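input_30.txt follows; it contains compact mmCIF, C-alpha atoms.
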# COMPACT_ATOMS: atom_id res chain seq x y z
CA MET A 1313 -56.24 -90.16 -32.30
CA ASN A 1314 -58.43 -87.32 -33.49
CA SER A 1315 -58.11 -85.43 -36.76
CA ASP A 1316 -56.54 -82.39 -35.12
CA GLU A 1317 -53.67 -84.50 -33.81
CA GLN A 1318 -53.19 -86.11 -37.21
CA ALA A 1319 -53.23 -82.78 -39.00
CA THR A 1320 -50.66 -81.11 -36.75
CA PRO A 1321 -47.15 -82.00 -37.94
CA SER A 1322 -44.13 -81.64 -35.73
CA PRO A 1323 -41.93 -78.54 -36.13
CA ALA A 1324 -39.11 -80.69 -37.52
CA PHE A 1325 -41.46 -82.14 -40.12
CA ALA A 1326 -42.75 -78.68 -41.08
CA LYS A 1327 -39.20 -77.64 -41.95
CA ARG A 1328 -38.71 -80.67 -44.22
CA ARG A 1329 -42.18 -80.67 -45.72
CA TRP A 1330 -40.94 -79.28 -49.04
CA VAL A 1331 -38.92 -82.45 -49.79
CA LEU A 1332 -42.06 -84.66 -49.81
CA PRO A 1333 -44.73 -84.95 -52.53
CA ALA A 1334 -47.99 -83.16 -51.84
CA ALA A 1335 -49.99 -86.40 -52.09
CA LEU A 1336 -47.76 -88.04 -49.49
CA VAL A 1337 -48.02 -85.02 -47.19
CA GLU A 1338 -51.81 -85.15 -47.48
CA ASP A 1339 -51.84 -88.86 -46.57
CA LEU A 1340 -49.46 -88.48 -43.64
CA TYR A 1341 -50.90 -85.27 -42.20
CA PRO A 1342 -54.30 -84.52 -43.74
CA PRO A 1343 -55.02 -80.80 -43.26
CA SER A 1344 -58.27 -78.94 -43.57
CA PRO A 1345 -59.80 -79.59 -47.02
CA ARG A 1346 -59.09 -77.04 -49.76
CA PRO A 1347 -61.61 -75.92 -52.36
CA GLY A 1348 -61.81 -78.63 -55.01
CA GLY A 1349 -60.11 -81.18 -52.72
CA ARG A 1350 -56.69 -80.78 -54.43
CA PRO A 1351 -53.57 -80.89 -52.28
CA ARG A 1352 -51.27 -77.87 -52.35
CA ARG A 1353 -48.06 -78.43 -54.31
CA THR A 1354 -44.85 -78.51 -52.33
CA ALA A 1355 -41.50 -77.16 -53.51
CA ARG A 1356 -40.53 -80.67 -54.55
CA ASP A 1357 -43.67 -80.96 -56.69
CA TRP A 1358 -42.83 -77.74 -58.53
CA ILE A 1359 -39.30 -78.98 -59.18
CA VAL A 1360 -40.56 -82.35 -60.47
CA ASP A 1361 -43.25 -80.70 -62.61
CA PHE A 1362 -40.69 -78.38 -64.20
CA ALA A 1363 -38.37 -81.34 -64.77
CA CYS A 1364 -41.13 -83.37 -66.45
CA PHE A 1365 -42.13 -80.39 -68.58
CA LEU A 1366 -38.54 -79.73 -69.65
CA LEU A 1367 -38.03 -83.43 -70.37
CA ALA A 1368 -41.16 -83.52 -72.53
CA VAL A 1369 -39.99 -80.38 -74.37
CA ALA A 1370 -36.50 -81.83 -74.89
CA VAL A 1371 -37.90 -85.07 -76.32
CA GLY A 1372 -40.24 -83.04 -78.51
CA LEU A 1373 -37.36 -80.92 -79.88
CA LEU A 1374 -35.37 -84.05 -80.69
CA ALA A 1375 -38.41 -85.39 -82.51
CA VAL A 1376 -38.74 -82.12 -84.46
CA ASP A 1377 -35.20 -82.57 -85.77
CA SER A 1378 -36.08 -86.08 -86.93
CA LEU A 1379 -39.19 -84.93 -88.80
CA ASP A 1380 -37.04 -83.58 -91.65
CA GLN A 1381 -35.53 -87.04 -92.08
CA GLU A 1382 -38.87 -88.78 -92.56
CA ALA A 1383 -39.61 -89.53 -96.16
CA ASN A 1384 -42.99 -88.76 -97.66
CA LEU A 1385 -44.08 -86.65 -94.65
CA PRO A 1386 -46.31 -83.83 -95.88
CA PRO A 1387 -45.50 -80.37 -94.45
CA VAL A 1388 -49.05 -80.05 -93.12
CA LEU A 1389 -48.72 -83.26 -91.14
CA ALA A 1390 -45.34 -82.11 -89.79
CA ALA A 1391 -46.87 -78.83 -88.64
CA VAL A 1392 -49.80 -80.64 -87.01
CA ASP A 1393 -47.33 -82.95 -85.31
CA GLN A 1394 -45.48 -80.00 -83.78
CA VAL A 1395 -48.65 -78.22 -82.68
CA VAL A 1396 -50.01 -81.37 -81.06
CA GLY A 1397 -46.63 -81.96 -79.40
CA ALA A 1398 -46.57 -78.43 -77.99
CA LEU A 1399 -50.08 -78.84 -76.58
CA SER A 1400 -49.09 -82.21 -75.10
CA CYS A 1401 -46.08 -80.64 -73.39
CA ALA A 1402 -48.34 -77.95 -71.93
CA ALA A 1403 -50.77 -80.66 -70.77
CA VAL A 1404 -48.00 -82.14 -68.61
CA TRP A 1405 -48.92 -79.51 -66.00
CA LEU A 1406 -52.32 -81.22 -65.69
CA ARG A 1407 -50.90 -84.66 -64.96
CA ARG A 1408 -51.48 -84.41 -61.19
CA ARG A 1409 -55.09 -83.29 -61.52
CA TRP A 1410 -56.20 -85.80 -64.17
CA PRO A 1411 -53.62 -88.61 -64.32
CA VAL A 1412 -55.95 -91.20 -65.84
CA GLY A 1413 -57.56 -88.85 -68.36
CA LEU A 1414 -54.24 -87.46 -69.56
CA ALA A 1415 -52.65 -90.90 -69.88
CA VAL A 1416 -55.62 -92.23 -71.85
CA ALA A 1417 -55.65 -89.16 -74.12
CA MET A 1418 -51.94 -89.51 -74.85
CA VAL A 1419 -52.40 -93.01 -76.33
CA PRO A 1420 -54.11 -91.82 -79.55
CA VAL A 1421 -52.11 -88.58 -79.52
CA SER A 1422 -48.82 -90.46 -79.58
CA LEU A 1423 -50.07 -92.35 -82.62
CA VAL A 1424 -50.16 -89.18 -84.75
CA SER A 1425 -47.49 -87.03 -83.08
CA ALA A 1426 -43.83 -87.93 -82.64
CA THR A 1427 -43.15 -84.76 -80.67
CA ALA A 1428 -45.69 -85.86 -78.00
CA GLY A 1429 -43.60 -88.88 -76.99
CA GLY A 1430 -42.03 -87.21 -73.95
CA ALA A 1431 -45.41 -85.99 -72.69
CA ALA A 1432 -46.85 -89.51 -73.16
CA LEU A 1433 -44.06 -91.02 -71.05
CA ALA A 1434 -44.57 -88.36 -68.32
CA ALA A 1435 -48.31 -89.08 -68.27
CA LEU A 1436 -47.71 -92.84 -68.04
CA PHE A 1437 -45.22 -92.35 -65.19
CA THR A 1438 -47.69 -90.16 -63.29
CA LEU A 1439 -50.43 -92.76 -63.77
CA ALA A 1440 -48.18 -95.50 -62.34
CA VAL A 1441 -47.34 -93.34 -59.29
CA HIS A 1442 -50.84 -92.10 -58.40
CA ARG A 1443 -53.24 -94.85 -59.49
CA PRO A 1444 -53.62 -98.60 -58.81
CA LEU A 1445 -52.02 -101.21 -61.04
CA ARG A 1446 -55.17 -101.98 -63.02
CA TYR A 1447 -55.21 -98.50 -64.59
CA VAL A 1448 -51.53 -98.75 -65.46
CA ALA A 1449 -52.01 -102.20 -66.98
CA TRP A 1450 -54.84 -101.10 -69.29
CA VAL A 1451 -53.22 -97.86 -70.43
CA GLY A 1452 -49.75 -99.39 -70.73
CA ALA A 1453 -51.09 -102.34 -72.76
CA ALA A 1454 -52.91 -99.93 -75.08
CA GLY A 1455 -49.70 -97.96 -75.57
CA LEU A 1456 -47.72 -101.10 -76.36
CA LEU A 1457 -50.32 -102.19 -78.91
CA VAL A 1458 -50.23 -98.77 -80.60
CA GLN A 1459 -46.43 -98.70 -80.97
CA PRO A 1460 -46.13 -101.31 -83.78
CA LEU A 1461 -48.83 -99.45 -85.74
CA TYR A 1462 -47.02 -96.13 -85.24
CA TYR A 1463 -43.63 -97.45 -86.37
CA TRP A 1464 -45.30 -99.15 -89.33
CA MET A 1465 -46.92 -95.86 -90.38
CA ARG A 1466 -43.87 -93.72 -89.59
CA PRO A 1467 -40.67 -95.77 -89.57
CA GLU A 1468 -37.80 -94.48 -87.50
CA PRO A 1469 -35.00 -93.22 -89.78
CA GLY A 1470 -31.94 -95.47 -89.58
CA LEU A 1471 -33.58 -98.17 -87.40
CA PRO A 1472 -35.25 -101.42 -88.45
CA PHE A 1473 -38.91 -101.86 -87.58
CA LEU A 1474 -38.29 -104.60 -85.01
CA ALA A 1475 -35.55 -102.62 -83.26
CA SER A 1476 -37.82 -99.57 -83.02
CA VAL A 1477 -40.61 -101.64 -81.46
CA VAL A 1478 -38.25 -103.29 -78.97
CA ILE A 1479 -36.72 -99.96 -77.91
CA GLY A 1480 -40.16 -98.38 -77.52
CA THR A 1481 -41.41 -101.36 -75.49
CA LEU A 1482 -38.36 -101.33 -73.19
CA LEU A 1483 -38.74 -97.59 -72.65
CA THR A 1484 -42.43 -97.98 -71.76
CA VAL A 1485 -41.72 -100.87 -69.37
CA ALA A 1486 -38.90 -98.91 -67.71
CA VAL A 1487 -41.12 -95.87 -67.15
CA VAL A 1488 -43.95 -98.01 -65.73
CA GLY A 1489 -41.56 -99.92 -63.48
CA TRP A 1490 -40.04 -96.70 -62.20
CA GLY A 1491 -43.48 -95.30 -61.43
CA LEU A 1492 -44.56 -98.49 -59.63
CA LEU A 1493 -41.36 -98.40 -57.56
CA VAL A 1494 -42.07 -94.81 -56.48
CA ARG A 1495 -45.66 -95.75 -55.63
CA SER A 1496 -44.56 -98.77 -53.55
CA LYS A 1497 -42.13 -96.63 -51.57
CA ARG A 1498 -44.87 -94.10 -50.84
CA LEU A 1499 -47.29 -96.82 -49.76
CA LEU A 1500 -44.60 -98.30 -47.51
CA LEU A 1501 -44.02 -94.94 -45.85
CA ILE A 1502 -47.76 -94.46 -45.32
CA SER A 1503 -48.11 -97.96 -43.86
CA LEU A 1504 -45.22 -97.30 -41.47
CA ARG A 1505 -46.85 -94.05 -40.41
CA ASP A 1506 -50.15 -95.88 -39.84
CA ARG A 1507 -48.37 -98.46 -37.73
CA ALA A 1508 -46.76 -95.69 -35.70
CA ARG A 1509 -50.17 -94.09 -35.17
CA HIS A 1510 -51.66 -97.40 -34.09
CA ALA A 1511 -48.74 -97.99 -31.74
CA GLU A 1512 -49.19 -94.52 -30.23
CA ALA A 1513 -52.92 -95.12 -29.83
CA GLU A 1514 -52.32 -98.51 -28.19
CA ALA A 1515 -49.71 -97.00 -25.88
CA ARG A 1516 -52.15 -94.26 -24.90
CA LEU A 1517 -54.90 -96.83 -24.28
CA ARG A 1518 -52.53 -98.92 -22.16
CA GLY A 1519 -51.61 -95.82 -20.18
CA GLU A 1520 -55.29 -94.97 -19.65
CA GLN A 1521 -56.00 -98.55 -18.62
CA ALA A 1522 -53.11 -98.48 -16.15
CA GLN A 1523 -54.44 -95.24 -14.68
CA ARG A 1524 -57.92 -96.73 -14.41
CA LEU A 1525 -56.60 -99.85 -12.69
CA ALA A 1526 -54.56 -97.71 -10.30
CA ARG A 1527 -57.61 -95.62 -9.45
CA GLU A 1528 -59.68 -98.74 -8.88
CA ALA A 1529 -56.97 -100.11 -6.57
CA ILE A 1530 -56.91 -96.83 -4.64
CA ALA A 1531 -60.70 -96.87 -4.44
CA ARG A 1532 -60.66 -100.41 -3.04
CA GLU A 1533 -57.99 -99.40 -0.56
CA MET A 1534 -60.02 -96.36 0.50
CA HIS A 1535 -63.12 -98.51 0.95
CA ASP A 1536 -61.27 -101.12 3.02
CA VAL A 1537 -59.60 -98.54 5.26
CA LEU A 1538 -62.24 -95.87 5.70
CA ALA A 1539 -65.18 -98.28 6.02
CA HIS A 1540 -63.54 -99.87 9.04
CA ARG A 1541 -62.74 -96.53 10.69
CA LEU A 1542 -66.11 -94.98 9.99
CA THR A 1543 -67.92 -98.04 11.28
CA LEU A 1544 -66.12 -97.63 14.61
CA LEU A 1545 -67.16 -94.00 14.67
CA SER A 1546 -70.76 -94.94 13.93
CA VAL A 1547 -70.90 -97.61 16.64
CA HIS A 1548 -69.51 -95.42 19.40
CA ALA A 1549 -71.46 -92.35 18.33
CA GLY A 1550 -74.63 -94.47 18.37
CA ALA A 1551 -73.79 -95.70 21.85
CA LEU A 1552 -73.39 -92.14 23.11
CA GLU A 1553 -76.65 -91.14 21.42
CA PHE A 1554 -78.77 -93.94 22.90
CA ARG A 1555 -77.09 -93.94 26.33
CA PRO A 1556 -76.71 -90.32 27.36
CA ASP A 1557 -76.77 -91.43 31.02
CA ALA A 1558 -73.83 -93.82 30.65
CA PRO A 1559 -71.10 -93.67 33.30
CA ARG A 1560 -68.48 -91.02 32.84
CA GLU A 1561 -65.74 -93.61 32.27
CA GLU A 1562 -67.64 -95.27 29.39
CA VAL A 1563 -68.37 -91.89 27.78
CA ALA A 1564 -64.70 -90.95 28.03
CA ARG A 1565 -63.63 -94.30 26.58
CA ALA A 1566 -66.09 -94.02 23.69
CA ALA A 1567 -64.98 -90.46 23.01
CA GLY A 1568 -61.35 -91.61 22.99
CA VAL A 1569 -62.13 -94.36 20.49
CA ILE A 1570 -64.01 -91.86 18.31
CA ARG A 1571 -61.09 -89.44 18.44
CA GLU A 1572 -58.53 -92.14 17.67
CA SER A 1573 -60.62 -93.60 14.84
CA ALA A 1574 -61.15 -90.15 13.31
CA HIS A 1575 -57.42 -89.45 13.55
CA GLU A 1576 -56.56 -92.78 11.90
CA ALA A 1577 -59.16 -92.18 9.15
CA LEU A 1578 -57.68 -88.75 8.42
CA GLN A 1579 -54.17 -90.22 8.30
CA ASP A 1580 -55.27 -92.94 5.88
CA LEU A 1581 -57.12 -90.40 3.75
CA ARG A 1582 -54.05 -88.13 3.60
CA GLU A 1583 -51.94 -91.09 2.51
CA ILE A 1584 -54.33 -92.02 -0.31
CA ILE A 1585 -54.61 -88.41 -1.49
CA GLY A 1586 -50.83 -88.17 -1.43
CA VAL A 1587 -50.62 -91.17 -3.75
CA LEU A 1588 -53.12 -89.51 -6.09
CA ARG A 1589 -51.14 -86.26 -6.16
CA ALA A 1590 -47.70 -87.83 -6.49
CA ALA A 1591 -46.24 -88.37 -9.94
CA GLU A 1592 -45.16 -91.88 -8.92
CA ALA A 1593 -45.57 -94.20 -5.97
CA ASP A 1594 -43.76 -93.07 -2.86
CA ASP A 1595 -42.65 -95.79 -0.52
CA ALA A 1596 -41.82 -93.28 2.19
CA GLY A 1597 -45.45 -93.00 3.36
CA ARG A 1598 -47.12 -94.88 6.14
CA PRO A 1599 -46.23 -98.59 6.16
CA GLN A 1600 -48.86 -100.91 4.73
CA PRO A 1601 -50.39 -103.41 7.17
CA THR A 1602 -49.27 -107.03 7.07
CA LEU A 1603 -50.43 -110.21 8.77
CA ALA A 1604 -48.49 -109.21 11.89
CA ALA A 1605 -50.89 -106.28 12.35
CA LEU A 1606 -53.86 -108.65 12.67
CA ASP A 1607 -53.54 -108.67 16.48
CA ALA A 1608 -53.84 -104.87 16.57
CA LEU A 1609 -56.90 -105.03 14.30
CA VAL A 1610 -58.60 -107.53 16.60
CA ALA A 1611 -57.70 -105.46 19.66
CA GLU A 1612 -59.15 -102.38 18.00
CA SER A 1613 -62.38 -104.24 17.27
CA ARG A 1614 -62.57 -105.45 20.85
CA ALA A 1615 -62.11 -101.89 22.04
CA ALA A 1616 -65.10 -100.96 19.90
CA GLY A 1617 -67.24 -103.43 21.83
CA MET A 1618 -67.06 -106.46 19.54
CA LYS A 1619 -66.58 -110.00 20.82
CA VAL A 1620 -63.70 -111.22 18.69
CA THR A 1621 -61.67 -114.41 19.14
CA LEU A 1622 -58.40 -114.78 17.26
CA ALA A 1623 -57.07 -118.26 16.48
CA ASP A 1624 -53.70 -117.68 14.85
CA SER A 1625 -51.71 -120.84 14.15
CA VAL A 1626 -49.05 -119.17 11.99
CA PRO A 1627 -45.79 -119.42 14.02
CA ASP A 1628 -44.12 -116.32 12.57
CA PRO A 1629 -46.44 -113.90 10.75
CA GLY A 1630 -43.38 -111.91 9.67
CA THR A 1631 -42.40 -114.71 7.26
CA VAL A 1632 -45.60 -114.30 5.28
CA PRO A 1633 -44.97 -112.34 2.03
CA ALA A 1634 -45.95 -108.68 2.37
CA SER A 1635 -48.48 -108.77 -0.48
CA VAL A 1636 -50.17 -111.90 0.88
CA GLY A 1637 -50.21 -110.56 4.44
CA ARG A 1638 -51.62 -107.23 3.30
CA THR A 1639 -54.39 -108.97 1.33
CA ALA A 1640 -55.27 -111.18 4.32
CA TYR A 1641 -55.33 -108.14 6.62
CA ARG A 1642 -57.67 -106.20 4.31
CA ILE A 1643 -59.99 -109.17 3.96
CA ALA A 1644 -60.15 -109.62 7.74
CA GLN A 1645 -60.70 -105.89 8.19
CA GLU A 1646 -63.62 -105.82 5.75
CA ALA A 1647 -65.12 -109.01 7.21
CA LEU A 1648 -65.01 -107.56 10.75
CA THR A 1649 -66.59 -104.35 9.47
CA ASN A 1650 -69.41 -106.34 7.83
CA ALA A 1651 -69.95 -108.39 10.99
CA ARG A 1652 -70.15 -105.17 13.03
CA LYS A 1653 -72.75 -103.72 10.64
CA HIS A 1654 -74.88 -106.78 9.86
CA ALA A 1655 -74.56 -108.81 13.06
CA PRO A 1656 -73.93 -106.36 15.91
CA GLY A 1657 -73.28 -107.87 19.31
CA THR A 1658 -72.50 -111.37 18.01
CA GLU A 1659 -69.31 -113.33 18.62
CA VAL A 1660 -66.81 -113.31 15.74
CA THR A 1661 -64.02 -115.83 15.27
CA VAL A 1662 -60.98 -115.04 13.16
CA SER A 1663 -58.89 -118.08 12.21
CA VAL A 1664 -55.53 -117.98 10.41
CA ALA A 1665 -53.52 -121.04 9.40
CA GLY A 1666 -50.96 -121.98 6.80
CA ALA A 1667 -47.34 -122.65 5.98
CA PRO A 1668 -44.97 -122.02 3.08
CA GLY A 1669 -45.96 -124.19 0.15
CA ASP A 1670 -49.41 -124.96 1.60
CA GLY A 1671 -50.88 -121.48 1.31
CA LEU A 1672 -52.52 -119.18 3.83
CA VAL A 1673 -56.12 -119.77 4.92
CA LEU A 1674 -58.08 -117.01 6.64
CA SER A 1675 -61.60 -117.43 7.99
CA VAL A 1676 -63.87 -114.87 9.64
CA ARG A 1677 -67.10 -116.33 11.06
CA ASN A 1678 -69.81 -114.66 13.10
CA ALA A 1679 -72.74 -116.16 15.01
CA PRO A 1680 -76.35 -115.56 13.97
CA PRO A 1681 -77.52 -111.99 14.66
CA ARG A 1682 -79.91 -111.38 17.51
CA GLY A 1683 -83.23 -109.90 16.58
CA GLU A 1684 -84.07 -107.89 13.49
CA VAL A 1685 -81.08 -106.27 11.77
CA PRO A 1686 -81.87 -103.22 9.63
CA HIS A 1687 -80.79 -103.35 5.98
CA VAL A 1688 -77.55 -101.54 5.28
CA PRO A 1689 -77.37 -99.70 1.89
CA GLY A 1690 -74.74 -101.01 -0.47
CA SER A 1691 -74.67 -104.48 1.05
CA GLY A 1692 -72.60 -106.94 -0.97
CA GLN A 1693 -70.29 -104.41 -2.62
CA GLY A 1694 -67.51 -105.01 -0.12
CA LEU A 1695 -67.63 -108.78 -0.69
CA ILE A 1696 -67.30 -108.22 -4.44
CA GLY A 1697 -64.21 -106.14 -3.80
CA LEU A 1698 -62.77 -108.80 -1.49
CA THR A 1699 -63.29 -111.50 -4.12
CA GLU A 1700 -61.52 -109.37 -6.70
CA ARG A 1701 -58.66 -108.61 -4.30
CA ALA A 1702 -58.16 -112.32 -3.52
CA THR A 1703 -58.26 -113.21 -7.22
CA LEU A 1704 -55.66 -110.58 -8.07
CA ALA A 1705 -53.42 -112.05 -5.37
CA GLY A 1706 -53.70 -115.48 -7.02
CA GLY A 1707 -56.07 -116.93 -4.44
CA SER A 1708 -59.79 -117.49 -3.98
CA LEU A 1709 -62.53 -116.31 -1.64
CA GLU A 1710 -65.79 -117.90 -0.57
CA HIS A 1711 -68.55 -116.38 1.51
CA GLY A 1712 -72.01 -117.36 2.61
CA PRO A 1713 -74.21 -118.38 5.52
CA THR A 1714 -73.13 -121.11 7.90
CA PRO A 1715 -75.32 -124.12 8.91
CA ALA A 1716 -75.86 -122.49 12.31
CA GLY A 1717 -77.31 -119.35 10.72
CA GLY A 1718 -74.26 -117.15 10.90
CA PHE A 1719 -72.00 -115.94 8.12
CA GLU A 1720 -68.46 -116.87 7.09
CA VAL A 1721 -65.85 -115.36 4.81
CA ARG A 1722 -63.09 -117.78 3.90
CA THR A 1723 -60.09 -117.11 1.66
CA ARG A 1724 -57.11 -119.13 0.50
CA LEU A 1725 -54.02 -117.22 -0.61
CA PRO A 1726 -50.79 -118.54 -2.12
CA TRP A 1727 -47.73 -118.71 0.12
CA GLU A 1728 -44.66 -119.89 -1.72

Have the structure of the file written as structure tokens, please.
Amino acid sequence: MNSDEQATPSPAFAKRRWVLPAALVEDLYPPSPRPGGRPRRTARDWIVDFACFLLAVAVGLLAVDSLDQEANLPPVLAAVDQVVGALSCAAVWLRRRWPVGLAVAMVPVSLVSATAGGAALAALFTLAVHRPLRYVAWVGAAGLLVQPLYYWMRPEPGLPFLASVVIGTLLTVAVVGWGLLVRSKRLLLISLRDRARHAEAEARLRGEQAQRLAREAIAREMHDVLAHRLTLLSVHAGALEFRPDAPREEVARAAGVIRESAHEALQDLREIIGVLRAAEADDAGRPQPTLAALDALVAESRAAGMKVTLADSVPDPGTVPASVGRTAYRIAQEALTNARKHAPGTEVTVSVAGAPGDGLVLSVRNAPPRGEVPHVPGSGQGLIGLTERATLAGGSLEHGPTPAGGFEVRTRLPWE
């Protein structure tokens, strides 16, 4: 998933964007970087910032009322306390930009200013929300160590020393725990969003892989079908070219085979293109060949001038599963095409045997070629495709020269 897709939120999310923190929005949908790298505050951020500021001011005002009750507090120190508290409340607006710096600065400030207590709690809460636990642990521990010294220097009116320390400790722990809870919820939401992105990416990759496999299957089908038809065209066109004085009947027969082969090739090509254009597979097209069509394939090859012998020991080819029969037909078709190209004029034997539970065995063997056979470009690619087709069907395919000097393609396919 590219950055543009990540940065483009949905319309529904854009309407609810104001209810999420700016940092969370930036993590979920990172937009183009702003000057300074700071995320833009959302409406929720402004509400929370105002709430924290008002809370710090309210705590500071309560502390101002308690200053008059402190014994032996010089007026100058009371005035400094209020000034420092006012500046601390104003510094709350900087808590998002410098959470660590503000929290660290508030530790010594809270030691000398009672009116800065609310700002110190807001800074500690922000630190727990936006920074890892190690920062919170160090700053929180420093604040807890400073509290006994503060209450020893400036006892709380009407409260024992130990009670003041316990209340201050519980308040600090509560604020830190609240901040850590908010941070964990944000991290959980981000992790769920990351999982959703990964799931979408995996689904897209699976879809692309399925498309690629479908295209490869169509390419194999096109090779198996068109190679056979075009080979017939080539053989008969070559015969007409080298025998212009052939009898009229042979010329007419060759022209008829060329016309029929061209028509069949166009029909097969239209069918494959229709599958490519269709949104989904359409079973209403031309029926796929099965093992029962093997007789027609052999007859077609004989009409093209090949010497083909068919030894079919399967009693009822219609009982063979369609997928197995189609695979056997395509393998026989490709093997006959190869024999026509690489061993023209030789005798080819096609043998089929098998039964349910034993599997289906198909063999195509040709005699040694006569004379020098010119090299055909792309030799071997069809056999690779046949091996892959047989493997996908759960079977196996072997090919190679025979002891007599010919060539044999032999496949075994499952037949349950």

In Å, rounded to a single decimal, give me how far atom CA of Leu1695 of chain A is from atom CA of Leu1545 of chain A. 21.3 Å

Can you tell me how far atom CA of Phe1473 of chain A sits from atom CA of Ser1425 of chain A, in Å to one decimal?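 Pair atom CA of Phe1473 of chain A / atom CA of Ser1425 of chain A returns 17.7 Å.
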
Taking only C-alpha atoms into account, which of A:Val1458, A:Ala1368, A:Val1487, A:Ala1449 comes nearest Gly1429 of chain A?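 Selected residue with least distance to Gly1429 of chain A: A:Ala1368.
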
In Å to one decimal, how far is atom CA of Val1676 of chain A from atom CA of Gly1718 of chain A? 10.7 Å

Residues within 12 Å of Gln1394 of chain A, all atoms listed in the file, excluding chain neighbours under 2 positions, as a PyMOL selection string: chain A and resi 1369+1371-1379+1387-1392+1396-1401+1421-1422+1424-1429

Return segment 1673-1678 of chain A, completed with all heavy atoms, as a JSON list (two decimals), in the frame of the given file.
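After the write, out-v7.json holds the following:
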[["chain", "number", "residue", "atom", "x", "y", "z"],
["A", 1673, "VAL", "N", -54.66, -119.68, 4.83],
["A", 1673, "VAL", "CA", -56.12, -119.77, 4.92],
["A", 1673, "VAL", "C", -56.59, -118.85, 6.03],
["A", 1673, "VAL", "O", -56.13, -118.95, 7.17],
["A", 1673, "VAL", "CB", -56.58, -121.22, 5.18],
["A", 1673, "VAL", "CG1", -58.10, -121.28, 5.30],
["A", 1673, "VAL", "CG2", -56.09, -122.14, 4.08],
["A", 1674, "LEU", "N", -57.51, -117.97, 5.68],
["A", 1674, "LEU", "CA", -58.08, -117.01, 6.64],
["A", 1674, "LEU", "C", -59.59, -117.18, 6.64],
["A", 1674, "LEU", "O", -60.22, -117.24, 5.58],
["A", 1674, "LEU", "CB", -57.72, -115.58, 6.26],
["A", 1674, "LEU", "CG", -58.43, -114.48, 7.05],
["A", 1674, "LEU", "CD1", -57.92, -114.44, 8.48],
["A", 1674, "LEU", "CD2", -58.24, -113.11, 6.37],
["A", 1675, "SER", "N", -60.16, -117.27, 7.84],
["A", 1675, "SER", "CA", -61.60, -117.43, 7.99],
["A", 1675, "SER", "C", -62.12, -116.46, 9.03],
["A", 1675, "SER", "O", -61.52, -116.34, 10.12],
["A", 1675, "SER", "CB", -61.94, -118.88, 8.38],
["A", 1675, "SER", "OG", -63.32, -119.01, 8.70],
["A", 1676, "VAL", "N", -63.19, -115.77, 8.70],
["A", 1676, "VAL", "CA", -63.87, -114.87, 9.64],
["A", 1676, "VAL", "C", -65.32, -115.32, 9.70],
["A", 1676, "VAL", "O", -66.05, -115.24, 8.70],
["A", 1676, "VAL", "CB", -63.76, -113.40, 9.19],
["A", 1676, "VAL", "CG1", -64.48, -112.50, 10.21],
["A", 1676, "VAL", "CG2", -62.31, -112.99, 9.05],
["A", 1677, "ARG", "N", -65.74, -115.79, 10.90],
["A", 1677, "ARG", "CA", -67.10, -116.33, 11.06],
["A", 1677, "ARG", "C", -67.77, -115.65, 12.23],
["A", 1677, "ARG", "O", -67.17, -115.45, 13.28],
["A", 1677, "ARG", "CB", -67.03, -117.84, 11.31],
["A", 1677, "ARG", "CG", -68.37, -118.47, 11.60],
["A", 1677, "ARG", "CD", -68.23, -119.94, 11.92],
["A", 1677, "ARG", "NE", -67.69, -120.70, 10.79],
["A", 1677, "ARG", "CZ", -67.60, -122.04, 10.78],
["A", 1677, "ARG", "NH1", -67.99, -122.73, 11.85],
["A", 1677, "ARG", "NH2", -67.10, -122.65, 9.75],
["A", 1678, "ASN", "N", -69.03, -115.28, 12.02],
["A", 1678, "ASN", "CA", -69.81, -114.66, 13.10],
["A", 1678, "ASN", "C", -71.06, -115.49, 13.38],
["A", 1678, "ASN", "O", -71.57, -116.20, 12.49],
["A", 1678, "ASN", "CB", -70.20, -113.23, 12.75],
["A", 1678, "ASN", "CG", -71.10, -113.13, 11.54],
["A", 1678, "ASN", "OD1", -70.60, -112.96, 10.42],
["A", 1678, "ASN", "ND2", -72.42, -113.20, 11.73]]
